[in-house]
>>> print(open('final-v8.cif').read())   # mmCIF, C-alpha atoms
data_run
loop_
_atom_site.group_PDB
_atom_site.id
_atom_site.type_symbol
_atom_site.label_atom_id
_atom_site.label_comp_id
_atom_site.auth_asym_id
_atom_site.auth_seq_id
_atom_site.Cartn_x
_atom_site.Cartn_y
_atom_site.Cartn_z
ATOM 1 C CA MET B 1 0.000 0.000 0.000
ATOM 2 C CA TYR B 2 1.215 3.492 -0.938
ATOM 3 C CA GLU B 3 4.043 1.956 -2.987
ATOM 4 C CA SER B 4 3.015 3.860 -6.106
ATOM 5 C CA GLU B 5 2.937 7.169 -4.193
ATOM 6 C CA LEU B 6 6.337 6.496 -2.621
ATOM 7 C CA LYS B 7 7.801 5.604 -6.000
ATOM 8 C CA GLU B 8 6.427 8.767 -7.561
ATOM 9 C CA ILE B 9 7.675 10.957 -4.716
ATOM 10 C CA ARG B 10 11.158 9.445 -4.953
ATOM 11 C CA ARG B 11 11.153 10.073 -8.708
ATOM 12 C CA ARG B 12 10.262 13.729 -8.159
ATOM 13 C CA LEU B 13 12.967 14.050 -5.507
ATOM 14 C CA ARG B 14 15.623 12.646 -7.811
ATOM 15 C CA LEU B 15 14.708 15.250 -10.414
ATOM 16 C CA SER B 16 15.176 17.976 -7.791
ATOM 17 C CA MET B 17 18.188 16.586 -5.963
ATOM 18 C CA ASN B 18 20.971 18.962 -5.006
ATOM 19 C CA GLY B 19 24.286 17.181 -4.574
ATOM 20 C CA ALA B 20 26.042 20.242 -3.187
ATOM 21 C CA VAL B 21 23.532 20.615 -0.348
ATOM 22 C CA SER B 22 23.650 16.896 0.423
ATOM 23 C CA ALA B 23 27.462 16.900 0.451
ATOM 24 C CA SER B 24 27.517 19.960 2.708
ATOM 25 C CA MET B 25 25.234 18.228 5.218
ATOM 26 C CA ARG B 26 27.431 15.126 5.247
ATOM 27 C CA ALA B 27 30.501 17.300 5.809
ATOM 28 C CA GLN B 28 28.750 18.758 8.855
ATOM 29 C CA GLY B 29 28.065 15.282 10.237
ATOM 30 C CA VAL B 30 24.393 15.154 9.223
ATOM 31 C CA ASP B 31 24.149 11.529 8.179
ATOM 32 C CA TYR B 32 20.990 10.096 6.612
ATOM 33 C CA LYS B 33 20.838 6.813 4.755
ATOM 34 C CA VAL B 34 19.512 8.793 1.791
ATOM 35 C CA ASN B 35 19.663 12.576 1.401
ATOM 36 C CA PHE B 36 18.676 14.188 -1.890
ATOM 37 C CA GLY B 37 19.615 17.653 -0.663
ATOM 38 C CA VAL B 38 16.245 19.086 -1.722
ATOM 39 C CA LEU B 39 15.517 22.515 -0.263
ATOM 40 C CA LEU B 40 12.661 22.923 2.213
ATOM 41 C CA ALA B 41 10.783 25.348 -0.033
ATOM 42 C CA HIS B 42 10.673 22.752 -2.785
ATOM 43 C CA LEU B 43 9.568 20.052 -0.359
ATOM 44 C CA LYS B 44 6.594 22.202 0.618
ATOM 45 C CA GLU B 45 5.727 22.632 -3.049
ATOM 46 C CA LEU B 46 5.942 18.877 -3.528
ATOM 47 C CA ALA B 47 3.752 18.237 -0.483
ATOM 48 C CA SER B 48 1.082 20.522 -1.926
ATOM 49 C CA LEU B 49 0.571 18.012 -4.746
ATOM 50 C CA TYR B 50 -0.734 15.407 -2.294
ATOM 51 C CA VAL B 51 -3.758 15.208 -0.032
ATOM 52 C CA LYS B 52 -2.882 14.875 3.644
ATOM 53 C CA ASP B 53 -3.124 11.210 4.531
ATOM 54 C CA ALA B 54 -2.098 9.476 7.774
ATOM 55 C CA GLY B 55 -1.262 6.205 6.022
ATOM 56 C CA LEU B 56 0.971 7.867 3.449
ATOM 57 C CA ALA B 57 2.656 9.917 6.160
ATOM 58 C CA GLU B 58 3.352 6.773 8.190
ATOM 59 C CA ALA B 59 4.874 5.093 5.130
ATOM 60 C CA LEU B 60 7.093 8.119 4.504
ATOM 61 C CA TRP B 61 8.157 8.323 8.163
ATOM 62 C CA GLN B 62 9.333 4.711 8.238
ATOM 63 C CA THR B 63 12.148 5.483 5.779
ATOM 64 C CA ASP B 64 15.613 6.808 6.604
ATOM 65 C CA THR B 65 15.399 9.392 3.852
ATOM 66 C CA ARG B 66 15.633 13.043 4.878
ATOM 67 C CA GLU B 67 13.090 14.378 2.435
ATOM 68 C CA LEU B 68 10.542 11.610 3.001
ATOM 69 C CA LYS B 69 10.603 12.150 6.767
ATOM 70 C CA ILE B 70 10.066 15.884 6.344
ATOM 71 C CA LEU B 71 7.206 15.248 3.915
ATOM 72 C CA ALA B 72 5.689 12.885 6.487
ATOM 73 C CA THR B 73 5.482 15.722 9.018
ATOM 74 C CA ILE B 74 3.705 17.916 6.458
ATOM 75 C CA LEU B 75 1.279 15.289 5.170
ATOM 76 C CA TYR B 76 0.026 13.823 8.456
ATOM 77 C CA PRO B 77 -3.392 15.355 9.302
ATOM 78 C CA PRO B 78 -2.917 16.958 12.755
ATOM 79 C CA GLU B 79 -6.443 16.055 13.845
ATOM 80 C CA GLN B 80 -5.580 12.363 13.424
ATOM 81 C CA PHE B 81 -2.206 12.499 15.167
ATOM 82 C CA THR B 82 -2.713 10.953 18.605
ATOM 83 C CA PRO B 83 -0.520 11.239 21.714
ATOM 84 C CA GLU B 84 0.474 7.601 21.141
ATOM 85 C CA ARG B 85 1.654 8.336 17.582
ATOM 86 C CA ALA B 86 3.493 11.390 18.853
ATOM 87 C CA GLU B 87 5.403 9.263 21.371
ATOM 88 C CA ALA B 88 6.302 6.697 18.710
ATOM 89 C CA TRP B 89 7.462 9.285 16.195
ATOM 90 C CA THR B 90 9.481 11.238 18.746
ATOM 91 C CA ALA B 91 11.314 8.083 19.762
ATOM 92 C CA ALA B 92 12.450 7.740 16.130
ATOM 93 C CA VAL B 93 13.898 11.257 15.734
ATOM 94 C CA ARG B 94 17.667 11.176 15.140
ATOM 95 C CA HIS B 95 18.419 14.492 13.439
ATOM 96 C CA GLN B 96 18.145 18.127 14.518
ATOM 97 C CA GLU B 97 16.493 19.196 11.264
ATOM 98 C CA ILE B 98 13.851 16.489 11.556
ATOM 99 C CA ALA B 99 13.123 17.566 15.142
ATOM 100 C CA GLU B 100 12.603 21.145 13.980
ATOM 101 C CA GLN B 101 10.426 20.280 10.977
ATOM 102 C CA TYR B 102 8.399 17.832 13.068
ATOM 103 C CA CYS B 103 7.603 20.626 15.526
ATOM 104 C CA ILE B 104 6.930 23.265 12.861
ATOM 105 C CA ASN B 105 4.810 21.189 10.509
ATOM 106 C CA LEU B 106 2.896 18.962 12.884
ATOM 107 C CA LEU B 107 3.407 19.059 16.645
ATOM 108 C CA GLN B 108 2.705 22.753 17.192
ATOM 109 C CA GLU B 109 -0.737 22.255 15.619
ATOM 110 C CA LEU B 110 -1.828 19.700 18.224
ATOM 111 C CA PRO B 111 -4.193 20.744 21.050
ATOM 112 C CA PHE B 112 -2.104 18.726 23.516
ATOM 113 C CA ALA B 113 1.258 20.111 22.341
ATOM 114 C CA LEU B 114 2.094 21.825 25.653
ATOM 115 C CA GLU B 115 1.549 18.589 27.531
ATOM 116 C CA LEU B 116 3.868 16.700 25.182
ATOM 117 C CA ALA B 117 6.596 19.328 25.435
ATOM 118 C CA GLY B 118 6.441 19.296 29.225
ATOM 119 C CA ARG B 119 6.873 15.532 29.284
ATOM 120 C CA TRP B 120 9.633 15.272 26.706
ATOM 121 C CA ILE B 121 12.012 17.880 28.148
ATOM 122 C CA ASP B 122 12.733 15.431 30.967
ATOM 123 C CA ALA B 123 13.441 12.516 28.632
ATOM 124 C CA GLU B 124 16.718 10.646 28.989
ATOM 125 C CA GLU B 125 16.970 10.292 25.203
ATOM 126 C CA GLU B 126 18.596 13.490 23.963
ATOM 127 C CA TYR B 127 16.583 13.912 20.782
ATOM 128 C CA ALA B 128 13.294 13.455 22.639
ATOM 129 C CA ALA B 129 14.337 16.323 24.924
ATOM 130 C CA VAL B 130 15.371 18.366 21.887
ATOM 131 C CA VAL B 131 11.906 17.850 20.409
ATOM 132 C CA GLY B 132 10.355 18.918 23.722
ATOM 133 C CA TYR B 133 12.327 22.150 24.014
ATOM 134 C CA THR B 134 11.979 22.922 20.307
ATOM 135 C CA LEU B 135 8.232 22.443 20.592
ATOM 136 C CA TYR B 136 8.100 24.803 23.570
ATOM 137 C CA ALA B 137 10.078 27.365 21.544
ATOM 138 C CA ARG B 138 7.612 27.106 18.656
ATOM 139 C CA LEU B 139 4.596 27.429 20.942
ATOM 140 C CA PHE B 140 6.064 30.416 22.777
ATOM 141 C CA THR B 141 6.902 32.080 19.450
ATOM 142 C CA LYS B 142 3.245 31.718 18.449
ATOM 143 C CA GLY B 143 2.158 33.284 21.731
ATOM 144 C CA GLY B 144 1.366 30.054 23.513
ATOM 145 C CA VAL B 145 1.175 30.248 27.294
ATOM 146 C CA PHE B 146 0.780 27.852 30.181
ATOM 147 C CA PRO B 147 -2.849 27.411 31.277
ATOM 148 C CA PRO B 148 -3.634 29.959 34.028
ATOM 149 C CA GLU B 149 -4.765 27.247 36.431
ATOM 150 C CA LYS B 150 -1.427 25.423 35.997
ATOM 151 C CA LEU B 151 0.857 28.397 35.420
ATOM 152 C CA PRO B 152 3.009 28.324 38.592
ATOM 153 C CA GLU B 153 3.578 24.570 38.438
ATOM 154 C CA GLU B 154 4.220 24.244 34.708
ATOM 155 C CA GLU B 155 6.365 27.384 34.487
ATOM 156 C CA ALA B 156 8.504 26.189 37.402
ATOM 157 C CA HIS B 157 8.905 22.772 35.802
ATOM 158 C CA PHE B 158 9.958 24.285 32.460
ATOM 159 C CA LEU B 159 12.399 26.743 34.012
ATOM 160 C CA GLN B 160 14.008 24.212 36.351
ATOM 161 C CA SER B 161 14.352 21.615 33.593
ATOM 162 C CA ALA B 162 15.931 24.179 31.277
ATOM 163 C CA ARG B 163 18.318 25.252 34.039
ATOM 164 C CA THR B 164 19.367 21.628 34.537
ATOM 165 C CA ALA B 165 19.963 21.287 30.793
ATOM 166 C CA LEU B 166 22.218 24.362 30.801
ATOM 167 C CA LEU B 167 24.254 22.881 33.642
ATOM 168 C CA GLY B 168 25.198 19.915 31.457
ATOM 169 C CA GLY B 169 27.939 19.833 28.866
ATOM 170 C CA ILE B 170 27.524 21.369 25.425
ATOM 171 C CA SER B 171 24.815 19.385 23.684
ATOM 172 C CA ARG B 172 21.789 19.589 21.423
ATOM 173 C CA ARG B 173 19.597 19.469 24.539
ATOM 174 C CA GLN B 174 21.401 22.487 25.957
ATOM 175 C CA ARG B 175 21.038 24.546 22.775
ATOM 176 C CA ALA B 176 17.347 23.675 22.470
ATOM 177 C CA ALA B 177 16.732 24.604 26.115
ATOM 178 C CA LEU B 178 18.437 27.970 25.639
ATOM 179 C CA LEU B 179 16.277 28.704 22.592
ATOM 180 C CA ALA B 180 13.106 27.837 24.512
ATOM 181 C CA LEU B 181 14.137 30.145 27.373
ATOM 182 C CA LYS B 182 14.692 32.989 24.919
ATOM 183 C CA ARG B 183 11.300 32.515 23.296
ATOM 184 C CA TYR B 184 9.602 32.294 26.687
ATOM 185 C CA GLY B 185 11.215 35.455 27.972
ATOM 186 C CA ARG B 186 10.314 37.411 24.845
ATOM 187 C CA GLN B 187 6.631 37.216 25.709
ATOM 188 C CA SER B 188 6.584 39.610 28.655
ATOM 189 C CA GLY B 189 8.648 41.435 31.221
ATOM 190 C CA GLU B 190 7.360 39.099 33.904
ATOM 191 C CA GLN B 191 8.554 36.058 31.986
ATOM 192 C CA GLN B 192 11.933 37.643 31.303
ATOM 193 C CA ALA B 193 12.291 38.208 35.039
ATOM 194 C CA ALA B 194 11.322 34.604 35.765
ATOM 195 C CA VAL B 195 13.982 33.285 33.359
ATOM 196 C CA LEU B 196 16.716 35.525 34.688
ATOM 197 C CA ASN B 197 15.741 34.802 38.282
ATOM 198 C CA VAL B 198 16.059 31.031 37.916
ATOM 199 C CA LEU B 199 19.545 31.602 36.459
ATOM 200 C CA SER B 200 20.547 34.482 38.748
ATOM 201 C CA ASP B 201 23.564 32.638 40.127
ATOM 202 C CA PHE B 202 24.930 32.298 36.577
ATOM 203 C CA GLN B 203 25.544 36.054 36.325
ATOM 204 C CA ALA B 204 28.562 36.144 38.641
ATOM 205 C CA SER B 205 29.552 32.486 38.359
ATOM 206 C CA GLY B 206 33.165 31.448 38.133
ATOM 207 C CA ASP B 207 32.128 29.319 35.167
ATOM 208 C CA ALA B 208 32.549 31.334 31.966
ATOM 209 C CA GLY B 209 29.926 29.202 30.224
ATOM 210 C CA LYS B 210 27.253 30.073 32.778
ATOM 211 C CA ARG B 211 28.071 33.773 32.551
ATOM 212 C CA GLU B 212 27.815 33.543 28.767
ATOM 213 C CA PHE B 213 24.370 31.924 28.969
ATOM 214 C CA TYR B 214 23.150 34.680 31.281
ATOM 215 C CA SER B 215 24.599 37.437 29.098
ATOM 216 C CA ASP B 216 23.111 35.858 25.977
ATOM 217 C CA LEU B 217 19.645 35.795 27.522
ATOM 218 C CA LEU B 218 19.990 39.316 28.901
ATOM 219 C CA PHE B 219 21.026 40.631 25.486
ATOM 220 C CA GLU B 220 18.087 38.830 23.866
ATOM 221 C CA PHE B 221 15.574 40.322 26.267
ATOM 222 C CA GLU B 222 16.992 43.838 26.115
ATOM 223 C CA TYR B 223 16.832 43.700 22.312
ATOM 224 C CA TYR B 224 13.178 42.690 22.296
ATOM 225 C CA GLN B 225 12.284 45.327 24.880
ATOM 226 C CA SER B 226 13.726 48.089 22.723
#
>>> encode(input="final-v8.cif", output="structure tokens")
Amino acid sequence: MYESELKEIRRRLRLSMNGAVSASMRAQGVDYKVNFGVLLAHLKELASLYVKDAGLAEALWQTDTRELKILATILYPPEQFTPERAEAWTAAVRHQEIAEQYCINLLQELPFALELAGRWIDAEEEYAAVVGYTLYARLFTKGGVFPPEKLPEEEAHFLQSARTALLGGISRRQRAALLALKRYGRQSGEQQAAVLNVLSDFQASGDAGKREFYSDLLFEFEYYQS
């Protein structure tokens, strides 16, 4: 099932393949089994030729082909994407770009997205945590907020988890957590204060990395206040 669609999509991708982009990704350590190097704008154009279909999206997701996985995130109908499917897909994420496209094209559209993000940021698996923080960043960018009735608890959980991530060594989790903190603090002066407060000891720390994190956040917030 869906073999004809997969064959046709692969044919279209081959016609649009960009060897220079693919080679550049490999040089940067981005290793897919198959990578046609097709630009995201073209992938969106290609996706527009197909009706959103959960079965087709599942078939695309099961591959280890960069473009097919990204198309899967575009073609899965959000209203049919259950928490169980979200857990299964997140467990299969192995690339930063896929994590980002997964959040942009699919996860941020889900009514239970905040709940998923809050659960995944504590995951032991690094890419699951990356998806969680990246999803938070997307939701905050769109103006998403914690439910008023759960605000103190969920904000504290997010901030403390992000602080713990920053205390670790340089990693994808750390970078994703920093991005989520920036997007959260952009929303209001109160949220900026909450972010800076949870990291207040970083400001005068003997650890240059901690001071840099604090300065980076402070610069971000001052820029968006101006």
>>> residues_around(input="final-v8.cif", residues="B:Leu6", least_positions_apart="5", cutoff="9 Å", atoms="only C-alpha atoms", output="ChimeraX atom specification")
/B:11,56,59-60,68
>>> write_last_selection(input="final-v8.cif", atoms="C-alpha atoms", output="mmCIF file, in the frame of the given file")
data_model
loop_
_atom_site.group_PDB
_atom_site.id
_atom_site.type_symbol
_atom_site.label_atom_id
_atom_site.label_comp_id
_atom_site.auth_asym_id
_atom_site.auth_seq_id
_atom_site.Cartn_x
_atom_site.Cartn_y
_atom_site.Cartn_z
ATOM 1 C CA ARG B 11 11.153 10.073 -8.708
ATOM 2 C CA LEU B 56 0.971 7.867 3.449
ATOM 3 C CA ALA B 59 4.874 5.093 5.130
ATOM 4 C CA LEU B 60 7.093 8.119 4.504
ATOM 5 C CA LEU B 68 10.542 11.610 3.001
#
>>> residues_around(input="final-v8.cif", residues="B:Glu87", least_positions_apart="2", cutoff="12 Å", atoms="only C-alpha atoms", output="PDB file with C-alpha atoms, keeping the file's coordinate frame")
ATOM      1  CA  PHE B  81      -2.206  12.499  15.167  1.00  0.00           C
ATOM      2  CA  THR B  82      -2.713  10.953  18.605  1.00  0.00           C
ATOM      3  CA  PRO B  83      -0.520  11.239  21.714  1.00  0.00           C
ATOM      4  CA  GLU B  84       0.474   7.601  21.141  1.00  0.00           C
ATOM      5  CA  ARG B  85       1.654   8.336  17.582  1.00  0.00           C
ATOM      6  CA  TRP B  89       7.462   9.285  16.195  1.00  0.00           C
ATOM      7  CA  THR B  90       9.481  11.238  18.746  1.00  0.00           C
ATOM      8  CA  ALA B  91      11.314   8.083  19.762  1.00  0.00           C
ATOM      9  CA  ALA B  92      12.450   7.740  16.130  1.00  0.00           C
ATOM     10  CA  VAL B  93      13.898  11.257  15.734  1.00  0.00           C
ATOM     11  CA  LEU B 107       3.407  19.059  16.645  1.00  0.00           C
ATOM     12  CA  ALA B 113       1.258  20.111  22.341  1.00  0.00           C
ATOM     13  CA  GLU B 115       1.549  18.589  27.531  1.00  0.00           C
ATOM     14  CA  LEU B 116       3.868  16.700  25.182  1.00  0.00           C
ATOM     15  CA  ALA B 117       6.596  19.328  25.435  1.00  0.00           C
ATOM     16  CA  ARG B 119       6.873  15.532  29.284  1.00  0.00           C
ATOM     17  CA  TRP B 120       9.633  15.272  26.706  1.00  0.00           C
ATOM     18  CA  ALA B 123      13.441  12.516  28.632  1.00  0.00           C
ATOM     19  CA  ALA B 128      13.294  13.455  22.639  1.00  0.00           C
ATOM     20  CA  ALA B 129      14.337  16.323  24.924  1.00  0.00           C
ATOM     21  CA  VAL B 131      11.906  17.850  20.409  1.00  0.00           C
ATOM     22  CA  GLY B 132      10.355  18.918  23.722  1.00  0.00           C
TER      23      GLY B 132
END
>>> residues_around(input="final-v8.cif", residues="stretch 42-47 of chain B", least_positions_apart="3", cutoff="8 Å", atoms="only C-alpha atoms", output="VMD selection string")
chain B and resid 38 to 39 50 67 70 to 71 74 to 75
>>> resolve_selection(input="final-v8.cif", expression="the PyMOL selection byres ((chain B and resi 28-34) around 10)", output="list in words")
Ser22, Ala23, Ser24, Met25, Arg26, Ala27, Asn35, Phe36, Gly37, Thr63, Asp64, Thr65, Arg66, Glu67, Leu68, Arg94, His95, Gln96 and Glu97 of chain B
>>> closest_residue(input="final-v8.cif", among="B:Glu124, B:Glu58, B:Glu8, B:Glu100", to="B:Ala176", atoms="all atoms listed in the file")
B:Glu100
>>> residues_around(input="final-v8.cif", residues="B:Tyr136", least_positions_apart="6", cutoff="10 Å", atoms="all atoms listed in the file", output="VMD selection string")
chain B and resid 103 108 113 to 118 121 130 142 144 to 145 158 176 to 177 179 to 181 183 to 184
>>> atom_distance(input="final-v8.cif", atom1="atom CA of B:Gln191", atom2="atom CA of B:Leu167")
20.6 Å
>>> decode(input="final-v8.cif", residues="stretch 97-180 of chain B", atoms="C-alpha atoms", output="PDB file, in the first residue's frame")
ATOM      1  CA  GLU B  97      16.493  19.196  11.264  1.00  0.00           C
ATOM      2  CA  ILE B  98      13.851  16.489  11.556  1.00  0.00           C
ATOM      3  CA  ALA B  99      13.123  17.566  15.142  1.00  0.00           C
ATOM      4  CA  GLU B 100      12.603  21.145  13.980  1.00  0.00           C
ATOM      5  CA  GLN B 101      10.426  20.280  10.977  1.00  0.00           C
ATOM      6  CA  TYR B 102       8.399  17.832  13.068  1.00  0.00           C
ATOM      7  CA  CYS B 103       7.603  20.626  15.526  1.00  0.00           C
ATOM      8  CA  ILE B 104       6.930  23.265  12.861  1.00  0.00           C
ATOM      9  CA  ASN B 105       4.810  21.189  10.509  1.00  0.00           C
ATOM     10  CA  LEU B 106       2.896  18.962  12.884  1.00  0.00           C
ATOM     11  CA  LEU B 107       3.407  19.059  16.645  1.00  0.00           C
ATOM     12  CA  GLN B 108       2.705  22.753  17.192  1.00  0.00           C
ATOM     13  CA  GLU B 109      -0.737  22.255  15.619  1.00  0.00           C
ATOM     14  CA  LEU B 110      -1.828  19.700  18.224  1.00  0.00           C
ATOM     15  CA  PRO B 111      -4.193  20.744  21.050  1.00  0.00           C
ATOM     16  CA  PHE B 112      -2.104  18.726  23.516  1.00  0.00           C
ATOM     17  CA  ALA B 113       1.258  20.111  22.341  1.00  0.00           C
ATOM     18  CA  LEU B 114       2.094  21.825  25.653  1.00  0.00           C
ATOM     19  CA  GLU B 115       1.549  18.589  27.531  1.00  0.00           C
ATOM     20  CA  LEU B 116       3.868  16.700  25.182  1.00  0.00           C
ATOM     21  CA  ALA B 117       6.596  19.328  25.435  1.00  0.00           C
ATOM     22  CA  GLY B 118       6.441  19.296  29.225  1.00  0.00           C
ATOM     23  CA  ARG B 119       6.873  15.532  29.284  1.00  0.00           C
ATOM     24  CA  TRP B 120       9.633  15.272  26.706  1.00  0.00           C
ATOM     25  CA  ILE B 121      12.012  17.880  28.148  1.00  0.00           C
ATOM     26  CA  ASP B 122      12.733  15.431  30.967  1.00  0.00           C
ATOM     27  CA  ALA B 123      13.441  12.516  28.632  1.00  0.00           C
ATOM     28  CA  GLU B 124      16.718  10.646  28.989  1.00  0.00           C
ATOM     29  CA  GLU B 125      16.970  10.292  25.203  1.00  0.00           C
ATOM     30  CA  GLU B 126      18.596  13.490  23.963  1.00  0.00           C
ATOM     31  CA  TYR B 127      16.583  13.912  20.782  1.00  0.00           C
ATOM     32  CA  ALA B 128      13.294  13.455  22.639  1.00  0.00           C
ATOM     33  CA  ALA B 129      14.337  16.323  24.924  1.00  0.00           C
ATOM     34  CA  VAL B 130      15.371  18.366  21.887  1.00  0.00           C
ATOM     35  CA  VAL B 131      11.906  17.850  20.409  1.00  0.00           C
ATOM     36  CA  GLY B 132      10.355  18.918  23.722  1.00  0.00           C
ATOM     37  CA  TYR B 133      12.327  22.150  24.014  1.00  0.00           C
ATOM     38  CA  THR B 134      11.979  22.922  20.307  1.00  0.00           C
ATOM     39  CA  LEU B 135       8.232  22.443  20.592  1.00  0.00           C
ATOM     40  CA  TYR B 136       8.100  24.803  23.570  1.00  0.00           C
ATOM     41  CA  ALA B 137      10.078  27.365  21.544  1.00  0.00           C
ATOM     42  CA  ARG B 138       7.612  27.106  18.656  1.00  0.00           C
ATOM     43  CA  LEU B 139       4.596  27.429  20.942  1.00  0.00           C
ATOM     44  CA  PHE B 140       6.064  30.416  22.777  1.00  0.00           C
ATOM     45  CA  THR B 141       6.902  32.080  19.450  1.00  0.00           C
ATOM     46  CA  LYS B 142       3.245  31.718  18.449  1.00  0.00           C
ATOM     47  CA  GLY B 143       2.158  33.284  21.731  1.00  0.00           C
ATOM     48  CA  GLY B 144       1.366  30.054  23.513  1.00  0.00           C
ATOM     49  CA  VAL B 145       1.175  30.248  27.294  1.00  0.00           C
ATOM     50  CA  PHE B 146       0.780  27.852  30.181  1.00  0.00           C
ATOM     51  CA  PRO B 147      -2.849  27.411  31.277  1.00  0.00           C
ATOM     52  CA  PRO B 148      -3.634  29.959  34.028  1.00  0.00           C
ATOM     53  CA  GLU B 149      -4.765  27.247  36.431  1.00  0.00           C
ATOM     54  CA  LYS B 150      -1.427  25.423  35.997  1.00  0.00           C
ATOM     55  CA  LEU B 151       0.857  28.397  35.420  1.00  0.00           C
ATOM     56  CA  PRO B 152       3.009  28.324  38.592  1.00  0.00           C
ATOM     57  CA  GLU B 153       3.578  24.570  38.438  1.00  0.00           C
ATOM     58  CA  GLU B 154       4.220  24.244  34.708  1.00  0.00           C
ATOM     59  CA  GLU B 155       6.365  27.384  34.487  1.00  0.00           C
ATOM     60  CA  ALA B 156       8.504  26.189  37.402  1.00  0.00           C
ATOM     61  CA  HIS B 157       8.905  22.772  35.802  1.00  0.00           C
ATOM     62  CA  PHE B 158       9.958  24.285  32.460  1.00  0.00           C
ATOM     63  CA  LEU B 159      12.399  26.743  34.012  1.00  0.00           C
ATOM     64  CA  GLN B 160      14.008  24.212  36.351  1.00  0.00           C
ATOM     65  CA  SER B 161      14.352  21.615  33.593  1.00  0.00           C
ATOM     66  CA  ALA B 162      15.931  24.179  31.277  1.00  0.00           C
ATOM     67  CA  ARG B 163      18.318  25.252  34.039  1.00  0.00           C
ATOM     68  CA  THR B 164      19.367  21.628  34.537  1.00  0.00           C
ATOM     69  CA  ALA B 165      19.963  21.287  30.793  1.00  0.00           C
ATOM     70  CA  LEU B 166      22.218  24.362  30.801  1.00  0.00           C
ATOM     71  CA  LEU B 167      24.254  22.881  33.642  1.00  0.00           C
ATOM     72  CA  GLY B 168      25.198  19.915  31.457  1.00  0.00           C
ATOM     73  CA  GLY B 169      27.939  19.833  28.866  1.00  0.00           C
ATOM     74  CA  ILE B 170      27.524  21.369  25.425  1.00  0.00           C
ATOM     75  CA  SER B 171      24.815  19.385  23.684  1.00  0.00           C
ATOM     76  CA  ARG B 172      21.789  19.589  21.423  1.00  0.00           C
ATOM     77  CA  ARG B 173      19.597  19.469  24.539  1.00  0.00           C
ATOM     78  CA  GLN B 174      21.401  22.487  25.957  1.00  0.00           C
ATOM     79  CA  ARG B 175      21.038  24.546  22.775  1.00  0.00           C
ATOM     80  CA  ALA B 176      17.347  23.675  22.470  1.00  0.00           C
ATOM     81  CA  ALA B 177      16.732  24.604  26.115  1.00  0.00           C
ATOM     82  CA  LEU B 178      18.437  27.970  25.639  1.00  0.00           C
ATOM     83  CA  LEU B 179      16.277  28.704  22.592  1.00  0.00           C
ATOM     84  CA  ALA B 180      13.106  27.837  24.512  1.00  0.00           C
TER      85      ALA B 180
END
